[in-house]
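Dumped protein.csv below, it's CSV, C-alpha atoms:
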```
chain,number,residue,atom,x,y,z
O,1,MET,CA,-7.5,13.4,-24.7
O,2,GLU,CA,-5.6,15.2,-27.4
O,3,ALA,CA,-2.8,17.7,-26.4
O,4,SER,CA,-4.6,20.6,-28.0
O,5,THR,CA,-7.9,19.8,-26.3
O,6,ALA,CA,-6.1,19.4,-22.9
O,7,ARG,CA,-4.4,22.7,-23.4
O,8,ASN,CA,-7.7,24.4,-24.3
O,9,VAL,CA,-9.4,22.9,-21.2
O,10,THR,CA,-6.5,24.1,-19.0
O,11,ILE,CA,-6.8,27.7,-20.4
O,12,LEU,CA,-10.6,27.6,-19.9
O,13,LYS,CA,-10.2,26.5,-16.3
O,14,ALA,CA,-7.6,29.3,-15.7
O,15,VAL,CA,-9.9,31.9,-17.2
O,16,GLY,CA,-12.9,30.6,-15.2
O,17,LEU,CA,-10.9,30.7,-11.9
O,18,ALA,CA,-9.6,34.2,-12.7
O,19,ALA,CA,-13.2,35.3,-13.3
O,20,VAL,CA,-14.3,33.8,-9.9
O,21,LEU,CA,-11.4,35.4,-8.0
O,22,GLY,CA,-12.2,38.8,-9.6
O,23,LEU,CA,-15.9,38.8,-8.6
O,24,PRO,CA,-15.5,40.9,-5.4
O,25,LEU,CA,-13.5,43.5,-7.4
O,26,LEU,CA,-16.4,44.2,-9.7
O,27,GLY,CA,-18.3,46.2,-7.1
O,28,PHE,CA,-21.2,43.7,-6.6
O,29,SER,CA,-23.4,44.1,-3.5
O,30,ASP,CA,-23.1,41.9,-0.4
O,31,TYR,CA,-26.2,40.1,-1.5
O,32,VAL,CA,-24.6,39.0,-4.8
O,33,LEU,CA,-21.5,38.0,-2.9
O,34,HIS,CA,-23.7,36.0,-0.5
O,35,ILE,CA,-25.2,34.1,-3.3
O,36,ALA,CA,-21.8,33.4,-4.8
O,37,ILE,CA,-20.5,32.2,-1.4
O,38,SER,CA,-23.5,29.9,-0.9
O,39,ILE,CA,-23.1,28.4,-4.4
O,40,LEU,CA,-19.4,27.7,-3.8
O,41,LEU,CA,-19.9,26.4,-0.3
O,42,TRP,CA,-22.7,24.0,-1.3
O,43,GLY,CA,-20.8,23.1,-4.4
O,44,PHE,CA,-18.1,21.8,-2.0
O,45,VAL,CA,-20.7,19.8,0.0
O,46,TYR,CA,-22.2,18.4,-3.1
O,47,THR,CA,-18.8,17.5,-4.4
O,48,GLY,CA,-18.2,15.6,-1.1
O,49,TRP,CA,-21.4,13.5,-1.7
O,50,SER,CA,-20.4,12.8,-5.3
O,51,VAL,CA,-17.2,11.2,-4.2
O,52,MET,CA,-19.2,8.2,-3.1
O,53,GLY,CA,-22.5,8.7,-5.0
O,54,ARG,CA,-20.8,8.4,-8.4
O,55,PHE,CA,-19.9,4.8,-7.5
O,56,GLY,CA,-23.4,3.7,-6.7
O,57,LEU,CA,-23.3,4.4,-3.0
O,58,VAL,CA,-26.4,6.5,-2.8
O,59,SER,CA,-26.5,8.0,0.6
O,60,LEU,CA,-29.5,9.9,2.0
O,61,GLY,CA,-27.7,10.4,5.3
O,62,HIS,CA,-25.3,13.2,4.5
O,63,GLY,CA,-27.5,15.6,6.5
O,64,ALA,CA,-26.2,13.7,9.6
O,65,PHE,CA,-22.6,14.4,8.6
O,66,LEU,CA,-23.4,18.0,7.8
O,67,GLY,CA,-25.0,18.3,11.3
O,68,VAL,CA,-22.0,16.8,13.0
O,69,GLY,CA,-19.7,19.3,11.4
O,70,ALA,CA,-22.0,22.3,12.1
O,71,TYR,CA,-23.2,21.5,15.6
O,72,GLY,CA,-19.9,19.9,16.7
O,73,THR,CA,-17.9,23.0,15.9
O,74,THR,CA,-20.6,25.4,17.3
O,75,MET,CA,-21.1,23.5,20.6
O,76,LEU,CA,-17.4,23.2,21.3
O,77,TRP,CA,-17.1,27.0,20.8
O,78,ASN,CA,-20.3,27.9,22.8
O,79,LEU,CA,-19.9,25.5,25.7
O,80,TYR,CA,-16.1,25.3,26.1
O,81,GLY,CA,-14.7,28.2,24.2
O,82,LEU,CA,-12.7,25.9,21.9
O,83,THR,CA,-11.6,27.7,18.8
O,84,PRO,CA,-13.0,26.4,15.5
O,85,TRP,CA,-9.4,25.8,14.4
O,86,VAL,CA,-9.6,22.9,16.8
O,87,GLY,CA,-13.3,22.3,16.8
O,88,ILE,CA,-13.6,21.8,13.0
O,89,PRO,CA,-10.9,19.0,12.8
O,90,LEU,CA,-12.5,17.3,15.8
O,91,SER,CA,-16.0,17.5,14.2
O,92,VAL,CA,-14.6,16.2,10.9
O,93,VAL,CA,-13.0,13.2,12.7
O,94,ALA,CA,-16.3,12.6,14.5
O,95,ALA,CA,-18.1,12.5,11.2
O,96,GLY,CA,-15.5,10.1,9.8
O,97,ILE,CA,-16.0,7.8,12.7
O,98,LEU,CA,-19.8,8.0,12.2
O,99,GLY,CA,-19.3,7.1,8.6
O,100,LEU,CA,-17.3,4.0,9.7
O,101,LEU,CA,-19.9,3.0,12.2
O,102,ILE,CA,-22.7,3.2,9.7
O,103,GLY,CA,-20.7,1.9,6.8
O,104,LEU,CA,-19.0,-1.1,8.4
O,105,PRO,CA,-22.1,-3.2,9.1
O,106,CYS,CA,-23.7,-2.2,5.8
O,107,PHE,CA,-20.8,-3.2,3.7
O,108,ARG,CA,-19.9,-6.2,5.8
O,109,PHE,CA,-23.4,-7.6,5.3
O,110,LYS,CA,-23.7,-6.4,1.7
O,111,ILE,CA,-26.5,-3.9,2.4
O,112,THR,CA,-26.5,-2.0,-0.9
O,113,GLY,CA,-28.8,-0.2,-3.3
O,114,HIS,CA,-32.2,0.9,-2.0
O,115,TYR,CA,-31.5,-0.7,1.4
O,116,PHE,CA,-28.3,1.3,1.9
O,117,ALA,CA,-30.2,4.5,1.0
O,118,LEU,CA,-32.9,3.7,3.6
O,119,VAL,CA,-30.4,3.0,6.3
O,120,THR,CA,-28.6,6.3,5.7
O,121,LEU,CA,-32.0,8.1,5.5
O,122,ALA,CA,-32.7,6.8,9.0
O,123,LEU,CA,-29.3,8.1,10.1
O,124,THR,CA,-30.3,11.6,9.0
O,125,GLU,CA,-33.6,11.5,10.9
O,126,VAL,CA,-31.9,10.1,14.1
O,127,ALA,CA,-29.4,13.0,13.9
O,128,ARG,CA,-32.2,15.5,13.6
O,129,LEU,CA,-34.2,14.1,16.4
O,130,LEU,CA,-31.2,13.9,18.6
O,131,ILE,CA,-30.4,17.6,18.0
O,132,VAL,CA,-34.1,18.5,18.8
O,133,ALA,CA,-34.1,16.3,21.9
O,134,LEU,CA,-31.0,18.0,23.3
O,135,ARG,CA,-32.6,21.4,23.1
O,136,ASP,CA,-31.1,22.6,26.4
O,137,THR,CA,-27.7,22.4,24.8
O,138,THR,CA,-28.4,22.7,21.0
O,139,GLY,CA,-31.4,25.0,21.1
O,140,GLY,CA,-33.6,22.3,19.7
O,141,SER,CA,-35.8,23.2,16.7
O,142,LEU,CA,-35.1,26.9,17.3
O,143,GLY,CA,-31.5,26.5,16.3
O,144,VAL,CA,-28.4,28.0,17.8
O,145,THR,CA,-26.1,30.9,17.1
O,146,PRO,CA,-22.3,30.7,17.7
O,147,ILE,CA,-21.3,33.3,20.3
O,148,GLY,CA,-20.2,36.3,18.3
O,149,VAL,CA,-17.1,38.2,19.1
O,150,VAL,CA,-16.8,40.5,16.0
O,151,SER,CA,-18.2,44.0,15.9
O,152,PRO,CA,-18.0,47.1,13.7
O,153,GLU,CA,-15.0,48.2,15.7
O,154,ASP,CA,-13.3,44.8,15.5
O,155,PRO,CA,-14.6,43.0,12.4
O,156,VAL,CA,-12.1,40.2,12.3
O,157,SER,CA,-11.4,37.4,14.8
O,158,LEU,CA,-9.0,34.7,13.6
O,159,TYR,CA,-9.3,32.9,16.9
O,160,ALA,CA,-13.1,32.6,16.6
O,161,LEU,CA,-13.0,32.3,12.7
O,162,GLN,CA,-15.5,35.1,12.4
O,163,PHE,CA,-15.3,37.8,9.8
O,164,ALA,CA,-17.8,40.7,9.2
O,165,SER,CA,-16.6,41.2,5.6
O,166,LYS,CA,-18.3,39.2,2.8
O,167,THR,CA,-15.2,39.6,0.7
O,168,VAL,CA,-13.0,37.8,3.3
O,169,TRP,CA,-15.5,35.0,3.4
O,170,PHE,CA,-15.7,34.8,-0.3
O,171,TYR,CA,-12.0,34.1,-0.7
O,172,ILE,CA,-12.1,31.6,2.2
O,173,ILE,CA,-14.9,29.7,0.6
O,174,VAL,CA,-13.2,29.8,-2.8
O,175,GLY,CA,-10.2,28.1,-1.2
O,176,VAL,CA,-12.5,25.5,0.4
O,177,TRP,CA,-14.2,24.9,-2.9
O,178,LEU,CA,-10.9,24.4,-4.7
O,179,VAL,CA,-9.8,21.9,-2.1
O,180,GLY,CA,-13.0,20.0,-2.8
O,181,LEU,CA,-12.3,19.9,-6.5
O,182,LEU,CA,-8.7,18.7,-5.9
O,183,ILE,CA,-9.9,15.9,-3.6
O,184,TRP,CA,-12.5,14.8,-6.3
O,185,ARG,CA,-9.7,14.9,-8.9
O,186,ALA,CA,-7.3,12.9,-6.7
O,187,VAL,CA,-10.0,10.2,-6.2
O,188,ASP,CA,-10.8,10.2,-9.9
O,189,ARG,CA,-7.2,9.6,-10.9
O,190,SER,CA,-6.4,7.1,-8.2
O,191,MET,CA,-6.6,3.3,-8.0
O,192,LEU,CA,-9.5,3.8,-5.6
O,193,ARG,CA,-11.7,4.9,-8.5
O,194,TYR,CA,-10.9,1.7,-10.5
O,195,ALA,CA,-11.5,-0.5,-7.5
O,196,MET,CA,-14.8,1.2,-6.8
O,197,GLU,CA,-15.9,0.9,-10.4
O,198,ALA,CA,-15.1,-2.8,-10.3
O,199,ILE,CA,-17.0,-3.2,-7.0
O,200,SER,CA,-20.0,-1.3,-8.4
O,201,GLN,CA,-20.2,-3.7,-11.3
O,202,GLU,CA,-19.8,-7.0,-9.4
O,203,GLU,CA,-18.5,-7.3,-5.8
O,204,ASP,CA,-17.7,-11.0,-5.9
O,205,ALA,CA,-15.6,-10.6,-9.1
O,206,ALA,CA,-13.8,-7.6,-7.6
O,207,ALA,CA,-13.0,-9.5,-4.4
O,208,SER,CA,-11.7,-12.5,-6.5
O,209,VAL,CA,-9.0,-10.3,-8.1
O,210,GLY,CA,-7.7,-9.1,-4.7
O,211,ILE,CA,-9.8,-5.9,-4.0
O,212,HIS,CA,-10.7,-5.5,-0.4
O,213,VAL,CA,-14.4,-4.6,-0.9
O,214,THR,CA,-15.3,-3.4,2.6
O,215,ARG,CA,-12.2,-1.4,3.1
O,216,THR,CA,-12.5,0.3,-0.3
O,217,LYS,CA,-16.1,1.2,0.3
O,218,LEU,CA,-15.3,2.5,3.8
O,219,THR,CA,-12.5,4.7,2.4
O,220,VAL,CA,-14.7,6.6,0.0
O,221,THR,CA,-17.5,6.8,2.7
O,222,VAL,CA,-15.1,8.4,5.2
O,223,ILE,CA,-13.7,10.8,2.6
O,224,SER,CA,-17.3,11.8,1.7
O,225,ALA,CA,-18.4,12.1,5.3
O,226,ALA,CA,-15.4,14.2,6.3
O,227,MET,CA,-15.8,16.6,3.4
O,228,THR,CA,-19.5,17.0,4.2
O,229,ALA,CA,-18.8,17.7,7.9
O,230,PHE,CA,-16.1,20.2,7.0
O,231,GLY,CA,-18.6,22.0,4.7
O,232,GLY,CA,-21.2,22.0,7.6
O,233,ALA,CA,-18.7,23.5,10.0
O,234,VAL,CA,-17.7,26.3,7.6
O,235,TYR,CA,-21.5,26.8,6.9
O,236,GLY,CA,-22.1,27.4,10.6
O,237,GLN,CA,-19.2,29.8,10.9
O,238,TYR,CA,-20.3,31.8,7.9
O,239,GLN,CA,-24.1,31.9,8.6
O,240,GLN,CA,-23.7,32.3,12.3
O,241,TYR,CA,-26.9,30.4,12.8
O,242,ILE,CA,-27.8,26.7,12.3
O,243,ASN,CA,-30.9,24.7,13.0
O,244,PRO,CA,-31.8,21.0,12.6
O,245,GLU,CA,-33.8,21.5,9.4
O,246,THR,CA,-31.1,23.5,7.5
O,247,VAL,CA,-28.2,21.1,8.3
O,248,SER,CA,-29.7,17.8,9.3
O,249,GLY,CA,-33.2,17.6,7.9
O,250,ILE,CA,-34.3,15.0,5.4
O,251,ALA,CA,-35.0,17.8,2.9
O,252,ILE,CA,-31.3,18.9,2.9
O,253,SER,CA,-30.2,15.3,2.3
O,254,LEU,CA,-32.6,15.0,-0.6
O,255,GLN,CA,-31.4,18.4,-1.9
O,256,ILE,CA,-27.8,17.2,-2.0
O,257,VAL,CA,-28.8,14.1,-4.1
O,258,PHE,CA,-30.9,16.2,-6.5
O,259,ALA,CA,-28.2,18.8,-7.0
O,260,VAL,CA,-25.5,16.3,-7.7
O,261,ILE,CA,-27.7,14.4,-10.2
O,262,ALA,CA,-28.9,17.6,-11.8
O,263,GLY,CA,-25.4,19.0,-12.3
O,264,GLY,CA,-23.6,15.7,-13.1
O,265,MET,CA,-21.9,13.5,-10.6
O,266,PHE,CA,-19.4,12.0,-13.1
O,267,VAL,CA,-17.9,15.4,-14.0
O,268,GLN,CA,-15.6,17.4,-11.7
O,269,LEU,CA,-17.7,20.6,-11.8
O,270,GLY,CA,-21.0,18.9,-12.0
O,271,PRO,CA,-21.9,19.3,-8.3
O,272,THR,CA,-21.1,23.0,-8.5
O,273,ILE,CA,-23.4,23.3,-11.5
O,274,GLY,CA,-26.0,21.6,-9.3
O,275,ALA,CA,-25.4,24.2,-6.6
O,276,VAL,CA,-26.1,26.9,-9.1
O,277,ILE,CA,-29.3,25.3,-10.1
O,278,THR,CA,-30.6,24.7,-6.6
O,279,LEU,CA,-29.5,28.0,-5.0
O,280,LEU,CA,-30.8,30.1,-7.9
O,281,LEU,CA,-34.0,28.2,-8.0
O,282,GLY,CA,-34.5,28.4,-4.2
O,283,GLU,CA,-33.7,32.1,-4.2
O,284,GLY,CA,-35.9,32.8,-7.2
O,285,LEU,CA,-38.8,31.1,-5.5
O,286,ARG,CA,-38.2,33.0,-2.3
O,287,LEU,CA,-38.1,36.4,-4.0
O,288,GLY,CA,-41.1,35.5,-6.2
O,289,PHE,CA,-43.5,33.9,-3.8
O,290,GLY,CA,-42.0,34.6,-0.4
O,291,HIS,CA,-43.4,32.1,2.2
O,292,GLN,CA,-46.8,31.7,0.6
O,293,PHE,CA,-46.1,28.2,-0.8
O,294,HIS,CA,-44.1,26.5,1.9
O,295,GLY,CA,-42.1,23.5,0.6
O,296,LEU,CA,-42.6,24.6,-3.1
O,297,ASP,CA,-38.8,24.3,-3.7
O,298,VAL,CA,-38.7,20.7,-2.4
O,299,THR,CA,-41.7,19.8,-4.6
O,300,ILE,CA,-40.0,21.2,-7.7
O,301,TYR,CA,-36.7,19.4,-6.7
O,302,GLY,CA,-38.6,16.1,-6.6
O,303,LEU,CA,-40.3,16.6,-10.0
O,304,MET,CA,-37.0,17.8,-11.6
O,305,LEU,CA,-35.1,14.8,-10.1
O,306,VAL,CA,-37.5,12.4,-11.8
O,307,LEU,CA,-37.1,14.2,-15.1
O,308,PHE,CA,-33.3,14.3,-14.9
O,309,ILE,CA,-33.1,10.6,-14.0
O,310,ILE,CA,-35.3,9.8,-17.1
O,311,TYR,CA,-34.0,12.2,-19.7
O,312,MET,CA,-30.6,13.4,-18.5
O,313,PRO,CA,-29.1,10.8,-16.1
O,314,ARG,CA,-25.6,12.2,-16.4
O,315,GLY,CA,-26.8,15.7,-15.5
O,316,VAL,CA,-26.4,19.1,-17.2
O,317,LEU,CA,-22.6,19.2,-17.4
O,318,GLY,CA,-22.3,15.5,-18.1
O,319,LYS,CA,-24.7,15.8,-21.0
O,320,ALA,CA,-22.8,18.8,-22.3
O,321,VAL,CA,-19.5,16.8,-22.2
O,322,ASP,CA,-21.2,13.9,-24.0
O,323,VAL,CA,-22.5,16.3,-26.8
O,324,LEU,CA,-19.1,17.9,-27.2
O,325,ALA,CA,-17.4,14.5,-27.3
O,326,ALA,CA,-19.8,13.3,-30.0
O,327,ARG,CA,-19.1,16.4,-32.1
O,328,GLY,CA,-15.3,16.0,-31.9
O,329,PRO,CA,-13.2,14.0,-34.4
O,330,ARG,CA,-14.0,10.3,-34.0
O,331,ALA,CA,-11.2,8.6,-35.9
O,332,GLY,CA,-8.6,7.5,-33.5
O,333,ARG,CA,-10.1,9.5,-30.7
O,334,PRO,CA,-9.9,7.7,-27.3
O,335,SER,CA,-13.1,7.5,-25.2
O,336,PRO,CA,-13.4,10.3,-22.7
O,337,GLN,CA,-12.5,9.3,-19.2
O,338,PRO,CA,-14.6,10.1,-16.1
O,339,GLY,CA,-13.7,13.5,-14.8
O,340,GLU,CA,-12.5,14.9,-18.1
```

Before anything else, please render the file you have as C-alpha cells.
Amino acid sequence: MEASTARNVTILKAVGLAAVLGLPLLGFSDYVLHIAISILLWGFVYTGWSVMGRFGLVSLGHGAFLGVGAYGTTMLWNLYGLTPWVGIPLSVVAAGILGLLIGLPCFRFKITGHYFALVTLALTEVARLLIVALRDTTGGSLGVTPIGVVSPEDPVSLYALQFASKTVWFYIIVGVWLVGLLIWRAVDRSMLRYAMEAISQEEDAAASVGIHVTRTKLTVTVISAAMTAFGGAVYGQYQQYINPETVSGIAISLQIVFAVIAGGMFVQLGPTIGAVITLLLGEGLRLGFGHQFHGLDVTIYGLMLVLFIIYMPRGVLGKAVDVLAARGPRAGRPSPQPGE
C-alpha cells in the first residue's frame, strides 16, 4: 500500500472513531444508543467468528460459545454471588476448553468442510437443549435475568457490572469492539494467518513444510470461541436477560454466519458492516410488521445469504475494497493484502 493511501486510511479511521465516540454527545435518545450498542456488540461477536471463518473453518456452533459466556457469567452471579469480573474470565476459559474439546477430534481426524459445519451445528443444539433441560437452574426456555442491584438512587454497580446509563454502556461496548478489531488485526498480521492460509489450501503440503496443522487450527478456534463467549457475557450484562434462543439457538448461529458473509469476512470492518445490516433489518421488520410474521427475518437472512454467496462472496465491504483497488493506479501497485 502506498504511503499516501495508508495515510488517508489512517485519517479516515481516526475520523470514523471520533464520530463513533461523539455519538452520545449529539443528544440522541436511549433507543438510538441501544441500536448503536447492539451493532457494536454484535460486531465484536461477528469479528470473533471471522477469525476462524475467513480460513475456511465454517462453524455453525458459535451459539454454544455465546451461551457459555452468557449463562456461565449469569449463573455464577445468581447462584454464588460471584462478580462478573471473575465470572466472565471463567466463562471465557470454559468456552476455550469447549473449543478444544470439539476441535481436537475434528482436526485430528481431518473432519473439515460441510462435516465440520454439521458437527458444530450439533454442538449448538446440544447447548440449547442442555440449557432448557436445566430449567430449575437456568430458567429453561423462559430465560433468566441476572439479579439486579442498581436502582434510580444507585444507578452504578462496578462489582455487579451493572449500569443504568446507556451512555456508560455505549463507551464500554466501544472499548470491547475496538479490542475485537485489534485481535483481528493481530491475527491478520501474524504468522498464524499465513499458516492457516496454507492449511486451507492443502493440509498435507502445509504439514510437509513444518506447520503443525492441528495446533494451528486449535489456536484460531480457541481465539474465536473465547471472543464469542466474552461477547455473550457482555451481552447478558447489558441486556439483563438471556434465553436459549437468543444466545444458543441455531438461528443465532446462522445469523452470525450470514452477517459476516454479508459484511465481508476478509476485511477488518466487514463483520461490523454485517452487524449494521442484520440489526437494522431485524429492527426494521419488527417496527414494520411487529410479530405478525414470525421468523420473517430468518427467512430473509437465508435468501440474502444465497444471493451474497453467488453475487458478492467477499461481502459488501470486501466488494467495495475490490472496486476501489481496481480504480486505483495499476502500474507498479502491489496487490492489496487481506485486512487492508

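The gap separating CA of Ala70 in chain O from CA of Gly236 in chain O is 5.3 Å, in Å to one decimal.
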
Tell me which of O:Ala320, O:Ala117, O:Leu26, O:Leu79 sits closest to Leu269 in chain O, counting all atoms listed in the file. O:Ala320

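With only C-alpha atoms as the basis for measurement, O:Ser59 is the residue among O:Thr47, O:Ser59, O:Ser38, O:Ser190 that approaches Gly103 in chain O most closely.
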
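Here CA of Ser248 in chain O and CA of Leu279 in chain O stand 17.6 Å from one another.
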
Please return, as a PDB file with C-alpha atoms, in the frame of the given file, all polymer residues that have at least one atom within 9 Å of the point (-31.0, 10.4, 7.0); use all atoms listed in the file and the file's own coordinate frame.
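Final file, selection_14.pdb:
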```
ATOM      1  CA  SER O  59     -26.500   8.000   0.600  1.00  0.00           C
ATOM      2  CA  LEU O  60     -29.500   9.900   2.000  1.00  0.00           C
ATOM      3  CA  GLY O  61     -27.700  10.400   5.300  1.00  0.00           C
ATOM      4  CA  HIS O  62     -25.300  13.200   4.500  1.00  0.00           C
ATOM      5  CA  GLY O  63     -27.500  15.600   6.500  1.00  0.00           C
ATOM      6  CA  ALA O  64     -26.200  13.700   9.600  1.00  0.00           C
ATOM      7  CA  ALA O 117     -30.200   4.500   1.000  1.00  0.00           C
ATOM      8  CA  LEU O 118     -32.900   3.700   3.600  1.00  0.00           C
ATOM      9  CA  VAL O 119     -30.400   3.000   6.300  1.00  0.00           C
ATOM     10  CA  THR O 120     -28.600   6.300   5.700  1.00  0.00           C
ATOM     11  CA  LEU O 121     -32.000   8.100   5.500  1.00  0.00           C
ATOM     12  CA  ALA O 122     -32.700   6.800   9.000  1.00  0.00           C
ATOM     13  CA  LEU O 123     -29.300   8.100  10.100  1.00  0.00           C
ATOM     14  CA  THR O 124     -30.300  11.600   9.000  1.00  0.00           C
ATOM     15  CA  GLU O 125     -33.600  11.500  10.900  1.00  0.00           C
ATOM     16  CA  VAL O 126     -31.900  10.100  14.100  1.00  0.00           C
ATOM     17  CA  ALA O 127     -29.400  13.000  13.900  1.00  0.00           C
ATOM     18  CA  ARG O 128     -32.200  15.500  13.600  1.00  0.00           C
ATOM     19  CA  SER O 248     -29.700  17.800   9.300  1.00  0.00           C
ATOM     20  CA  GLY O 249     -33.200  17.600   7.900  1.00  0.00           C
ATOM     21  CA  ILE O 250     -34.300  15.000   5.400  1.00  0.00           C
ATOM     22  CA  SER O 253     -30.200  15.300   2.300  1.00  0.00           C
TER      23      SER O 253
END
```

Ranking O:Trp177, O:Phe230, O:Phe55, O:Trp77 by minimum distance to Ala95 in chain O and counting all atoms listed in the file, which one comes first? O:Phe230
